[in-house]
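Trainee: Input final.txt, format and content: compact mmCIF, N, CA and C atoms.
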# COMPACT_ATOMS: atom_id res chain seq x y z
N MET J 258 0.85 -1.19 0.00
CA MET J 258 0.00 0.00 0.00
C MET J 258 0.89 1.24 0.00
N TYR J 259 0.52 2.20 -0.78
CA TYR J 259 1.27 3.44 -0.91
C TYR J 259 0.54 4.56 -0.19
N GLY J 260 0.86 4.77 1.05
CA GLY J 260 0.23 5.81 1.85
C GLY J 260 -0.76 5.24 2.84
N ASP J 261 -0.44 5.36 4.12
CA ASP J 261 -1.32 4.83 5.16
C ASP J 261 -2.32 5.90 5.61
N ASP J 262 -3.20 5.53 6.54
CA ASP J 262 -4.22 6.46 7.00
C ASP J 262 -3.61 7.72 7.63
N ALA J 263 -2.49 7.57 8.32
CA ALA J 263 -1.85 8.74 8.93
C ALA J 263 -1.39 9.73 7.85
N THR J 264 -0.86 9.20 6.74
CA THR J 264 -0.43 10.08 5.65
C THR J 264 -1.63 10.73 4.99
N VAL J 265 -2.69 9.98 4.76
CA VAL J 265 -3.91 10.53 4.18
C VAL J 265 -4.43 11.66 5.07
N ARG J 266 -4.51 11.41 6.37
CA ARG J 266 -5.00 12.40 7.32
C ARG J 266 -4.12 13.66 7.30
N LYS J 267 -2.81 13.47 7.27
CA LYS J 267 -1.88 14.60 7.25
C LYS J 267 -2.09 15.45 5.99
N ILE J 268 -2.19 14.79 4.83
CA ILE J 268 -2.40 15.52 3.58
C ILE J 268 -3.71 16.29 3.61
N LEU J 269 -4.76 15.67 4.11
CA LEU J 269 -6.07 16.30 4.10
C LEU J 269 -6.21 17.42 5.13
N THR J 270 -5.48 17.36 6.23
CA THR J 270 -5.72 18.32 7.31
C THR J 270 -4.56 19.23 7.67
N GLU J 271 -3.33 18.87 7.32
CA GLU J 271 -2.19 19.63 7.83
C GLU J 271 -1.33 20.31 6.78
N LEU J 272 -1.41 19.91 5.53
CA LEU J 272 -0.44 20.39 4.55
C LEU J 272 -0.89 21.61 3.76
N GLY J 273 -2.05 22.13 4.04
CA GLY J 273 -2.51 23.32 3.33
C GLY J 273 -3.74 23.05 2.50
N ASP J 274 -4.34 24.14 2.04
CA ASP J 274 -5.65 24.04 1.41
C ASP J 274 -5.67 24.32 -0.09
N THR J 275 -4.53 24.51 -0.72
CA THR J 275 -4.51 24.75 -2.16
C THR J 275 -4.12 23.48 -2.88
N TRP J 276 -5.07 22.92 -3.61
CA TRP J 276 -4.87 21.66 -4.33
C TRP J 276 -4.90 21.91 -5.83
N ALA J 277 -3.81 21.60 -6.50
CA ALA J 277 -3.78 21.61 -7.96
C ALA J 277 -4.30 20.25 -8.42
N VAL J 278 -5.36 20.25 -9.20
CA VAL J 278 -5.97 19.00 -9.66
C VAL J 278 -5.61 18.83 -11.13
N VAL J 279 -4.63 17.96 -11.38
CA VAL J 279 -4.12 17.75 -12.73
C VAL J 279 -5.04 16.78 -13.47
N GLY J 280 -5.60 17.29 -14.57
CA GLY J 280 -6.58 16.51 -15.33
C GLY J 280 -7.99 17.03 -15.15
N LEU J 281 -8.17 18.08 -14.34
CA LEU J 281 -9.49 18.65 -14.11
C LEU J 281 -9.90 19.56 -15.26
N SER J 282 -11.03 19.23 -15.87
CA SER J 282 -11.60 20.05 -16.94
C SER J 282 -13.07 20.30 -16.62
N SER J 283 -13.76 20.97 -17.51
CA SER J 283 -15.18 21.25 -17.30
C SER J 283 -16.08 20.07 -17.66
N ASN J 284 -15.49 18.93 -18.03
CA ASN J 284 -16.26 17.74 -18.37
C ASN J 284 -16.86 17.13 -17.10
N ARG J 285 -18.16 17.30 -16.94
CA ARG J 285 -18.85 16.83 -15.73
C ARG J 285 -18.88 15.31 -15.61
N GLN J 286 -18.61 14.61 -16.70
CA GLN J 286 -18.63 13.15 -16.68
C GLN J 286 -17.35 12.54 -16.11
N ARG J 287 -16.31 13.34 -15.99
CA ARG J 287 -15.02 12.84 -15.50
C ARG J 287 -14.98 12.85 -13.97
N ALA J 288 -14.31 11.85 -13.40
CA ALA J 288 -14.22 11.75 -11.95
C ALA J 288 -13.60 12.99 -11.32
N ALA J 289 -12.63 13.59 -11.98
CA ALA J 289 -11.95 14.76 -11.42
C ALA J 289 -12.94 15.88 -11.11
N TYR J 290 -13.97 16.03 -11.93
CA TYR J 290 -14.95 17.09 -11.74
C TYR J 290 -15.67 16.94 -10.39
N GLY J 291 -16.16 15.74 -10.13
CA GLY J 291 -16.88 15.48 -8.88
C GLY J 291 -15.98 15.50 -7.67
N VAL J 292 -14.79 14.94 -7.80
CA VAL J 292 -13.85 14.92 -6.67
C VAL J 292 -13.46 16.35 -6.31
N ALA J 293 -13.26 17.20 -7.30
CA ALA J 293 -12.92 18.59 -7.04
C ALA J 293 -14.04 19.28 -6.26
N GLN J 294 -15.28 18.96 -6.57
CA GLN J 294 -16.40 19.52 -5.81
C GLN J 294 -16.34 19.09 -4.35
N VAL J 295 -16.04 17.82 -4.11
CA VAL J 295 -15.92 17.32 -2.74
C VAL J 295 -14.80 18.06 -2.01
N LEU J 296 -13.67 18.23 -2.67
CA LEU J 296 -12.56 18.95 -2.05
C LEU J 296 -12.96 20.38 -1.69
N GLN J 297 -13.68 21.04 -2.58
CA GLN J 297 -14.15 22.39 -2.28
C GLN J 297 -15.09 22.40 -1.08
N ARG J 298 -15.99 21.45 -1.01
CA ARG J 298 -16.90 21.38 0.15
C ARG J 298 -16.13 21.14 1.44
N PHE J 299 -14.98 20.49 1.34
CA PHE J 299 -14.13 20.22 2.50
C PHE J 299 -13.22 21.42 2.81
N GLY J 300 -13.38 22.51 2.06
CA GLY J 300 -12.64 23.73 2.35
C GLY J 300 -11.36 23.93 1.56
N LYS J 301 -11.14 23.12 0.54
CA LYS J 301 -9.92 23.24 -0.25
C LYS J 301 -10.13 24.18 -1.44
N ARG J 302 -9.09 24.91 -1.78
CA ARG J 302 -9.08 25.67 -3.02
C ARG J 302 -8.61 24.71 -4.10
N VAL J 303 -9.38 24.56 -5.14
CA VAL J 303 -9.09 23.63 -6.22
C VAL J 303 -8.62 24.42 -7.43
N VAL J 304 -7.42 24.11 -7.91
CA VAL J 304 -6.84 24.80 -9.06
C VAL J 304 -6.80 23.82 -10.23
N PRO J 305 -7.60 24.04 -11.28
CA PRO J 305 -7.60 23.13 -12.42
C PRO J 305 -6.28 23.21 -13.21
N VAL J 306 -5.71 22.05 -13.52
CA VAL J 306 -4.53 21.98 -14.38
C VAL J 306 -4.86 21.00 -15.50
N HIS J 307 -4.95 21.54 -16.70
CA HIS J 307 -5.37 20.76 -17.86
C HIS J 307 -4.92 21.53 -19.10
N PRO J 308 -4.53 20.83 -20.16
CA PRO J 308 -4.07 21.55 -21.37
C PRO J 308 -5.04 22.62 -21.88
N LYS J 309 -6.35 22.44 -21.64
CA LYS J 309 -7.33 23.43 -22.09
C LYS J 309 -7.37 24.67 -21.20
N ALA J 310 -6.79 24.60 -20.00
CA ALA J 310 -6.74 25.72 -19.05
C ALA J 310 -8.12 26.35 -18.82
N GLU J 311 -9.11 25.51 -18.63
CA GLU J 311 -10.48 25.98 -18.44
C GLU J 311 -10.72 26.43 -17.00
N THR J 312 -11.63 27.38 -16.84
CA THR J 312 -12.11 27.73 -15.50
C THR J 312 -13.11 26.66 -15.08
N VAL J 313 -12.90 26.08 -13.90
CA VAL J 313 -13.76 25.02 -13.40
C VAL J 313 -14.08 25.31 -11.93
N HIS J 314 -15.33 25.15 -11.55
CA HIS J 314 -15.77 25.40 -10.17
C HIS J 314 -15.36 26.80 -9.70
N GLY J 315 -15.37 27.76 -10.61
CA GLY J 315 -15.05 29.13 -10.26
C GLY J 315 -13.58 29.44 -10.13
N GLU J 316 -12.70 28.49 -10.43
CA GLU J 316 -11.26 28.70 -10.33
C GLU J 316 -10.63 28.70 -11.71
N ARG J 317 -9.78 29.67 -11.96
CA ARG J 317 -9.06 29.76 -13.24
C ARG J 317 -8.18 28.53 -13.43
N GLY J 318 -8.17 28.01 -14.64
CA GLY J 318 -7.34 26.86 -14.95
C GLY J 318 -6.01 27.26 -15.56
N TYR J 319 -5.06 26.34 -15.51
CA TYR J 319 -3.72 26.53 -16.05
C TYR J 319 -3.36 25.33 -16.90
N ALA J 320 -2.59 25.55 -17.95
CA ALA J 320 -2.24 24.48 -18.88
C ALA J 320 -1.27 23.48 -18.30
N SER J 321 -0.46 23.91 -17.34
CA SER J 321 0.49 22.99 -16.70
C SER J 321 0.71 23.43 -15.27
N LEU J 322 1.26 22.55 -14.49
CA LEU J 322 1.57 22.86 -13.10
C LEU J 322 2.57 24.01 -13.01
N ALA J 323 3.53 24.04 -13.93
CA ALA J 323 4.53 25.11 -13.94
C ALA J 323 3.91 26.47 -14.22
N ASP J 324 2.75 26.51 -14.89
CA ASP J 324 2.07 27.76 -15.20
C ASP J 324 1.32 28.37 -14.02
N VAL J 325 1.09 27.59 -12.98
CA VAL J 325 0.37 28.10 -11.81
C VAL J 325 1.27 29.12 -11.11
N PRO J 326 0.82 30.40 -11.01
CA PRO J 326 1.70 31.46 -10.54
C PRO J 326 1.78 31.62 -9.02
N PHE J 327 1.33 30.64 -8.30
CA PHE J 327 1.37 30.69 -6.84
C PHE J 327 1.68 29.29 -6.32
N ASP J 328 1.97 29.20 -5.03
CA ASP J 328 2.30 27.91 -4.42
C ASP J 328 1.08 27.02 -4.35
N VAL J 329 1.31 25.73 -4.49
CA VAL J 329 0.26 24.73 -4.26
C VAL J 329 0.74 23.81 -3.16
N ASP J 330 -0.20 23.35 -2.37
CA ASP J 330 0.14 22.49 -1.24
C ASP J 330 0.12 21.01 -1.62
N VAL J 331 -0.88 20.64 -2.40
CA VAL J 331 -1.06 19.24 -2.79
C VAL J 331 -1.33 19.19 -4.29
N VAL J 332 -0.73 18.21 -4.96
CA VAL J 332 -0.99 17.98 -6.38
C VAL J 332 -1.76 16.67 -6.48
N ASP J 333 -3.02 16.77 -6.91
CA ASP J 333 -3.93 15.63 -7.04
C ASP J 333 -3.94 15.23 -8.52
N VAL J 334 -3.58 13.97 -8.80
CA VAL J 334 -3.27 13.56 -10.17
C VAL J 334 -4.34 12.63 -10.73
N PHE J 335 -5.00 13.11 -11.80
CA PHE J 335 -6.04 12.37 -12.52
C PHE J 335 -5.60 12.04 -13.93
N VAL J 336 -4.35 11.70 -14.14
CA VAL J 336 -3.89 11.26 -15.45
C VAL J 336 -3.53 9.79 -15.34
N ASN J 337 -3.36 9.13 -16.49
CA ASN J 337 -3.07 7.69 -16.42
C ASN J 337 -1.67 7.45 -15.85
N SER J 338 -1.47 6.23 -15.41
CA SER J 338 -0.23 5.87 -14.72
C SER J 338 1.02 6.15 -15.53
N GLU J 339 0.93 6.01 -16.86
CA GLU J 339 2.10 6.23 -17.70
C GLU J 339 2.55 7.69 -17.68
N LEU J 340 1.64 8.62 -17.42
CA LEU J 340 1.95 10.05 -17.39
C LEU J 340 2.14 10.60 -15.98
N ALA J 341 1.71 9.82 -15.00
CA ALA J 341 1.67 10.34 -13.62
C ALA J 341 3.05 10.61 -13.03
N GLY J 342 4.05 9.81 -13.37
CA GLY J 342 5.38 10.02 -12.82
C GLY J 342 5.95 11.38 -13.17
N ALA J 343 5.72 11.81 -14.39
CA ALA J 343 6.19 13.13 -14.81
C ALA J 343 5.49 14.23 -14.02
N VAL J 344 4.21 14.03 -13.72
CA VAL J 344 3.48 15.01 -12.92
C VAL J 344 4.03 15.05 -11.50
N ALA J 345 4.34 13.90 -10.95
CA ALA J 345 4.93 13.86 -9.61
C ALA J 345 6.26 14.63 -9.60
N ASP J 346 7.06 14.45 -10.63
CA ASP J 346 8.33 15.18 -10.72
C ASP J 346 8.08 16.69 -10.81
N GLU J 347 7.05 17.09 -11.54
CA GLU J 347 6.69 18.51 -11.63
C GLU J 347 6.24 19.05 -10.27
N ALA J 348 5.54 18.22 -9.50
CA ALA J 348 5.10 18.62 -8.16
C ALA J 348 6.29 18.86 -7.25
N VAL J 349 7.29 18.00 -7.35
CA VAL J 349 8.52 18.19 -6.57
C VAL J 349 9.17 19.52 -6.97
N ALA J 350 9.29 19.75 -8.27
CA ALA J 350 9.91 20.98 -8.76
C ALA J 350 9.11 22.21 -8.35
N LYS J 351 7.80 22.09 -8.25
CA LYS J 351 6.93 23.20 -7.88
C LYS J 351 7.03 23.52 -6.39
N GLY J 352 7.50 22.55 -5.60
CA GLY J 352 7.61 22.76 -4.16
C GLY J 352 6.37 22.38 -3.38
N ALA J 353 5.54 21.52 -3.96
CA ALA J 353 4.34 21.06 -3.25
C ALA J 353 4.74 20.25 -2.02
N GLY J 354 3.81 20.16 -1.09
CA GLY J 354 4.06 19.36 0.12
C GLY J 354 3.65 17.91 -0.03
N ALA J 355 2.78 17.63 -1.02
CA ALA J 355 2.28 16.27 -1.18
C ALA J 355 1.80 16.04 -2.60
N VAL J 356 1.77 14.76 -2.96
CA VAL J 356 1.22 14.31 -4.23
C VAL J 356 0.21 13.21 -3.93
N TRP J 357 -0.92 13.28 -4.61
CA TRP J 357 -1.99 12.30 -4.42
C TRP J 357 -2.34 11.72 -5.78
N PHE J 358 -2.04 10.43 -5.98
CA PHE J 358 -2.44 9.74 -7.21
C PHE J 358 -3.80 9.10 -6.96
N GLN J 359 -4.74 9.37 -7.86
CA GLN J 359 -6.11 8.90 -7.72
C GLN J 359 -6.23 7.39 -7.91
N LEU J 360 -7.43 6.87 -7.66
CA LEU J 360 -7.71 5.45 -7.84
C LEU J 360 -7.27 4.99 -9.22
N GLY J 361 -6.53 3.89 -9.26
CA GLY J 361 -6.08 3.33 -10.52
C GLY J 361 -4.79 3.94 -11.04
N VAL J 362 -4.29 4.98 -10.41
CA VAL J 362 -3.05 5.63 -10.84
C VAL J 362 -1.93 5.14 -9.92
N VAL J 363 -1.02 4.35 -10.49
CA VAL J 363 0.05 3.72 -9.71
C VAL J 363 1.36 3.81 -10.47
N ASP J 364 2.40 4.27 -9.79
CA ASP J 364 3.75 4.31 -10.34
C ASP J 364 4.71 4.22 -9.16
N GLY J 365 5.17 3.01 -8.89
CA GLY J 365 6.03 2.77 -7.73
C GLY J 365 7.32 3.58 -7.77
N ALA J 366 7.92 3.74 -8.94
CA ALA J 366 9.16 4.51 -9.05
C ALA J 366 8.90 5.98 -8.74
N ALA J 367 7.77 6.51 -9.20
CA ALA J 367 7.42 7.91 -8.90
C ALA J 367 7.18 8.08 -7.41
N TYR J 368 6.55 7.10 -6.78
CA TYR J 368 6.34 7.15 -5.34
C TYR J 368 7.67 7.25 -4.62
N GLU J 369 8.62 6.39 -4.99
CA GLU J 369 9.93 6.40 -4.33
C GLU J 369 10.66 7.73 -4.56
N ARG J 370 10.63 8.26 -5.77
CA ARG J 370 11.28 9.55 -6.06
C ARG J 370 10.66 10.69 -5.26
N THR J 371 9.34 10.69 -5.23
CA THR J 371 8.62 11.76 -4.55
C THR J 371 8.88 11.72 -3.05
N ARG J 372 8.82 10.54 -2.47
CA ARG J 372 9.10 10.39 -1.03
C ARG J 372 10.55 10.76 -0.73
N ALA J 373 11.48 10.35 -1.60
CA ALA J 373 12.90 10.67 -1.40
C ALA J 373 13.14 12.18 -1.45
N ALA J 374 12.29 12.90 -2.18
CA ALA J 374 12.41 14.36 -2.27
C ALA J 374 11.77 15.04 -1.05
N GLY J 375 11.17 14.26 -0.15
CA GLY J 375 10.61 14.81 1.08
C GLY J 375 9.13 15.11 1.06
N LEU J 376 8.43 14.75 -0.02
CA LEU J 376 7.00 15.00 -0.09
C LEU J 376 6.23 13.82 0.48
N HIS J 377 5.05 14.11 1.00
CA HIS J 377 4.13 13.06 1.39
C HIS J 377 3.42 12.59 0.13
N MET J 378 3.02 11.31 0.09
CA MET J 378 2.37 10.81 -1.11
C MET J 378 1.48 9.62 -0.80
N VAL J 379 0.35 9.58 -1.49
CA VAL J 379 -0.50 8.40 -1.52
C VAL J 379 -0.81 8.08 -2.97
N MET J 380 -1.09 6.82 -3.23
CA MET J 380 -1.44 6.37 -4.58
C MET J 380 -2.64 5.45 -4.51
N ASP J 381 -3.39 5.43 -5.62
CA ASP J 381 -4.50 4.51 -5.78
C ASP J 381 -5.55 4.70 -4.69
N ARG J 382 -5.76 5.98 -4.30
CA ARG J 382 -6.79 6.32 -3.33
C ARG J 382 -7.47 7.60 -3.79
N CYS J 383 -8.63 7.87 -3.22
CA CYS J 383 -9.41 9.03 -3.63
C CYS J 383 -9.82 9.84 -2.40
N PRO J 384 -9.53 11.15 -2.39
CA PRO J 384 -9.93 11.95 -1.23
C PRO J 384 -11.44 12.00 -1.03
N ALA J 385 -12.22 11.87 -2.10
CA ALA J 385 -13.68 11.87 -1.95
C ALA J 385 -14.17 10.64 -1.21
N ILE J 386 -13.38 9.58 -1.21
CA ILE J 386 -13.69 8.38 -0.42
C ILE J 386 -13.07 8.50 0.97
N GLU J 387 -11.86 9.01 1.03
CA GLU J 387 -11.13 9.08 2.30
C GLU J 387 -11.72 10.09 3.27
N ILE J 388 -12.23 11.22 2.77
CA ILE J 388 -12.79 12.24 3.67
C ILE J 388 -13.93 11.67 4.51
N PRO J 389 -14.95 11.05 3.91
CA PRO J 389 -16.00 10.48 4.78
C PRO J 389 -15.52 9.26 5.58
N ARG J 390 -14.62 8.48 5.01
CA ARG J 390 -14.15 7.28 5.72
C ARG J 390 -13.40 7.66 7.00
N LEU J 391 -12.60 8.71 6.92
CA LEU J 391 -11.82 9.16 8.07
C LEU J 391 -12.51 10.30 8.83
N GLY J 392 -13.73 10.60 8.42
CA GLY J 392 -14.46 11.77 8.89
C GLY J 392 -14.31 12.17 10.33
N ARG J 393 -14.51 11.27 11.25
CA ARG J 393 -14.46 11.64 12.66
C ARG J 393 -13.07 12.04 13.11
N THR J 394 -12.06 11.54 12.43
CA THR J 394 -10.68 11.82 12.88
C THR J 394 -10.03 12.94 12.07
N LEU J 395 -10.75 13.56 11.13
CA LEU J 395 -10.17 14.61 10.30
C LEU J 395 -10.28 15.99 10.92
N SER J 396 -11.16 16.18 11.85
CA SER J 396 -11.31 17.52 12.40
C SER J 396 -10.47 17.75 13.64
The structure given in the file should be rewritten as structure tokens.

Mentor:
Amino acid sequence: MYGDDATVRKILTELGDTWAVVGLSSNRQRAAYGVAQVLQRFGKRVVPVHPKAETVHGERGYASLADVPFDVDVVDVFVNSELAGAVADEAVAKGAGAVWFQLGVVDGAAYERTRAAGLHMVMDRCPAIEIPRLGRTLS
């Protein structure tokens, strides 16, 4: 398992409230759209990162993580596993505190690199599932 409950709790409650959601677009059918809504309800600022750079949930989008002109605390990754490692490396370069790979997104080498760089990380989990599951212990 990549990321235990303590790491999930730390990312959700202690590392800051600005989440760059890589793969978030205005497509309501995509999981990223709904998960971003849950994050906003939980008090997170959601920053869309997608090649289209669309405004989503009232937040301006950016074409890449490097284009975001302010610090991000967590990088939430909704791209396929083959592309996710590069996003994790961009998160390290950006100075994020954590990387979160969504359900089905797994890259063991990226996990090791990201952890070695000092970031917290979970893989193959979803904050929209973890928030209610850990609910009583998150506040």

Trainee: Range 297-324 of chain J near range 273-290 of chain J within 6 Å: what's each residue's closest atom pair and its distance in Å to one decimal, counting all atoms listed in the file, ordered by chain then ascending residue number, as a tab-separated table?

Mentor:
residue	atom	partner	partner_atom	distance
J:Gly300	C	J:Asp274	CA	5.7
J:Lys301	CA	J:Asp274	C	4.4
J:Arg302	N	J:Asp274	C	3.9
J:Val303	CA	J:Trp276	C	4.5
J:Val304	N	J:Trp276	C	3.9
J:Pro305	CA	J:Val278	N	4.9
J:Val306	C	J:Gly280	N	3.9
J:His307	CA	J:Gly280	N	4.8
J:Val313	CA	J:Ser283	CA	5.6

Trainee: Fewer than 6 positions away in the same chain doesn't count, so skip those; otherwise give me all residues within 8 Å of range 262-264 of chain J, counting all atoms listed in the file, as JSON, numbers by chain.

Mentor: {"J": [270, 377, 378, 379]}

Trainee: Extract, using only N, CA and C atoms, all DNA, RNA and protein residues at most 6 Å from Met380 in chain J, discarding same-chain residues fewer than 2 positions from it, and format them as a list in words.

Mentor: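 Non-adjacent residues within range: Tyr259, Gly260, Trp357, Phe358, Gln359, Leu360, Val362, Val363, Met378 and Arg382 of chain J.
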
Trainee: Quick one: residues within 8 Å of Glu339 in chain J, only N, CA and C atoms counted, chain neighbours fewer than 3 positions away excluded, as number ranges by chain?

Mentor: J: 336, 342-344, 362-364

Trainee: Compare J:Val334, J:Ile388, J:Ala373, J:Ala323 by their minimum atom-to-atom distance to Ala350 in chain J, counting all atoms listed in the file, and give me the closest one.

Mentor: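 Smallest distance to Ala350 in chain J is found for J:Ala323.
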
Trainee: As a ChimeraX atom specification, please: the residues near Lys351 in chain J (cut-off 8 Å, only N, CA and C atoms, same-chain neighbours under 4 positions excluded).

Mentor: /J:322-323,327-329,345-347

Trainee: As an exercise, work out the distance from CA of Val356 in chain J to CA of Thr371 in chain J in Å and give it to one decimal place.

Mentor: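 If I compute the distance from CA of Val356 in chain J to CA of Thr371 in chain J, I get 7.8 Å.
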
Trainee: Based on the backbone DSSP call, show me all residues of range 289-386 of chain J assigned strand (DSSP E), as a VMD selection string.

Mentor: chain J and resid 302 to 306 331 to 334 355 to 358 377 to 379

Trainee: With distances taken over only C-alpha atoms, which residue among J:Leu376, J:Ala348, J:Ser338, J:Ile268 lies nearest Ser321 in chain J?

Mentor: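 For Ser321 in chain J, the nearest of the candidates is J:Ala348.
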
Trainee: So how far away is CA of Asp333 in chain J from CA of Ile386 in chain J, in Å?

Mentor: 13.8 Å

Trainee: Here is a test: counting only C-alpha atoms, which residue of J:Gly392, J:Gly361, J:Gly318, J:Pro384 is nearest to Gln297 in chain J?

Mentor: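 Ranking J:Gly392, J:Gly361, J:Gly318, J:Pro384 by distance to Gln297 in chain J, first place goes to J:Pro384.
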
Trainee: In Å, how far is it from CA of Val349 in chain J to atom C of Pro326 in chain J?

Mentor: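 Answer for the CA of Val349 in chain J to atom C of Pro326 in chain J separation: 15.2 Å.
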
Trainee: Out of J:Lys267, J:Arg390, J:Arg372, J:His314, which residue has the shortest atom-to-atom distance to Leu296 in chain J when counting only C-alpha atoms?

Mentor: J:His314

Trainee: Taking only range 307-386 of chain J into account, list the residues labelled helix (DSSP H, G or I) by DSSP (computed from the backbone), as an MDAnalysis selection string.

Mentor: chainID J and resid 322:324 338:351 365:373 384:386

Trainee: Take every atom of range 277-293 of chain J listed in the file, pad by 4 Å on each side, and give me the axis-aligned box centre and edge lengths in Å, one decimal, as AutoDock Vina command-line options.

Mentor:
--center_x -11.3 --center_y 16.7 --center_z -12.3 --size_x 23.1 --size_y 17.9 --size_z 20.1

Trainee: Complete the atom set of range 373-389 of chain J to N, CA, C and O atoms and return it as a compact mmCIF listing (two decimals), keeping the file's coordinate frame.

Mentor:
# COMPACT_ATOMS: atom_id res chain seq x y z
N ALA J 373 11.48 10.35 -1.60
CA ALA J 373 12.90 10.67 -1.40
C ALA J 373 13.14 12.18 -1.45
O ALA J 373 14.06 12.69 -0.79
N ALA J 374 12.29 12.90 -2.18
CA ALA J 374 12.41 14.36 -2.27
C ALA J 374 11.77 15.04 -1.05
O ALA J 374 11.81 16.27 -0.94
N GLY J 375 11.17 14.26 -0.15
CA GLY J 375 10.61 14.81 1.08
C GLY J 375 9.13 15.11 1.06
O GLY J 375 8.61 15.67 2.03
N LEU J 376 8.43 14.75 -0.02
CA LEU J 376 7.00 15.00 -0.09
C LEU J 376 6.23 13.82 0.48
O LEU J 376 6.69 12.68 0.44
N HIS J 377 5.05 14.11 1.00
CA HIS J 377 4.13 13.06 1.39
C HIS J 377 3.42 12.59 0.13
O HIS J 377 3.22 13.37 -0.80
N MET J 378 3.02 11.31 0.09
CA MET J 378 2.37 10.81 -1.11
C MET J 378 1.48 9.62 -0.80
O MET J 378 1.81 8.80 0.05
N VAL J 379 0.35 9.58 -1.49
CA VAL J 379 -0.50 8.40 -1.52
C VAL J 379 -0.81 8.08 -2.97
O VAL J 379 -0.78 8.97 -3.83
N MET J 380 -1.09 6.82 -3.23
CA MET J 380 -1.44 6.37 -4.58
C MET J 380 -2.64 5.45 -4.51
O MET J 380 -2.85 4.77 -3.49
N ASP J 381 -3.39 5.43 -5.62
CA ASP J 381 -4.50 4.51 -5.78
C ASP J 381 -5.55 4.70 -4.69
O ASP J 381 -6.13 3.75 -4.20
N ARG J 382 -5.76 5.98 -4.30
CA ARG J 382 -6.79 6.32 -3.33
C ARG J 382 -7.47 7.60 -3.79
O ARG J 382 -6.95 8.32 -4.62
N CYS J 383 -8.63 7.87 -3.22
CA CYS J 383 -9.41 9.03 -3.63
C CYS J 383 -9.82 9.84 -2.40
O CYS J 383 -10.42 9.29 -1.48
N PRO J 384 -9.53 11.15 -2.39
CA PRO J 384 -9.93 11.95 -1.23
C PRO J 384 -11.44 12.00 -1.03
O PRO J 384 -11.90 12.12 0.11
N ALA J 385 -12.22 11.87 -2.10
CA ALA J 385 -13.68 11.87 -1.95
C ALA J 385 -14.17 10.64 -1.21
O ALA J 385 -15.26 10.65 -0.63
N ILE J 386 -13.38 9.58 -1.21
CA ILE J 386 -13.69 8.38 -0.42
C ILE J 386 -13.07 8.50 0.97
O ILE J 386 -13.68 8.15 1.98
N GLU J 387 -11.86 9.01 1.03
CA GLU J 387 -11.13 9.08 2.30
C GLU J 387 -11.72 10.09 3.27
O GLU J 387 -11.73 9.87 4.47
N ILE J 388 -12.23 11.22 2.77
CA ILE J 388 -12.79 12.24 3.67
C ILE J 388 -13.93 11.67 4.51
O ILE J 388 -13.87 11.75 5.74
N PRO J 389 -14.95 11.05 3.91
CA PRO J 389 -16.00 10.48 4.78
C PRO J 389 -15.52 9.26 5.58
O PRO J 389 -15.97 9.06 6.71
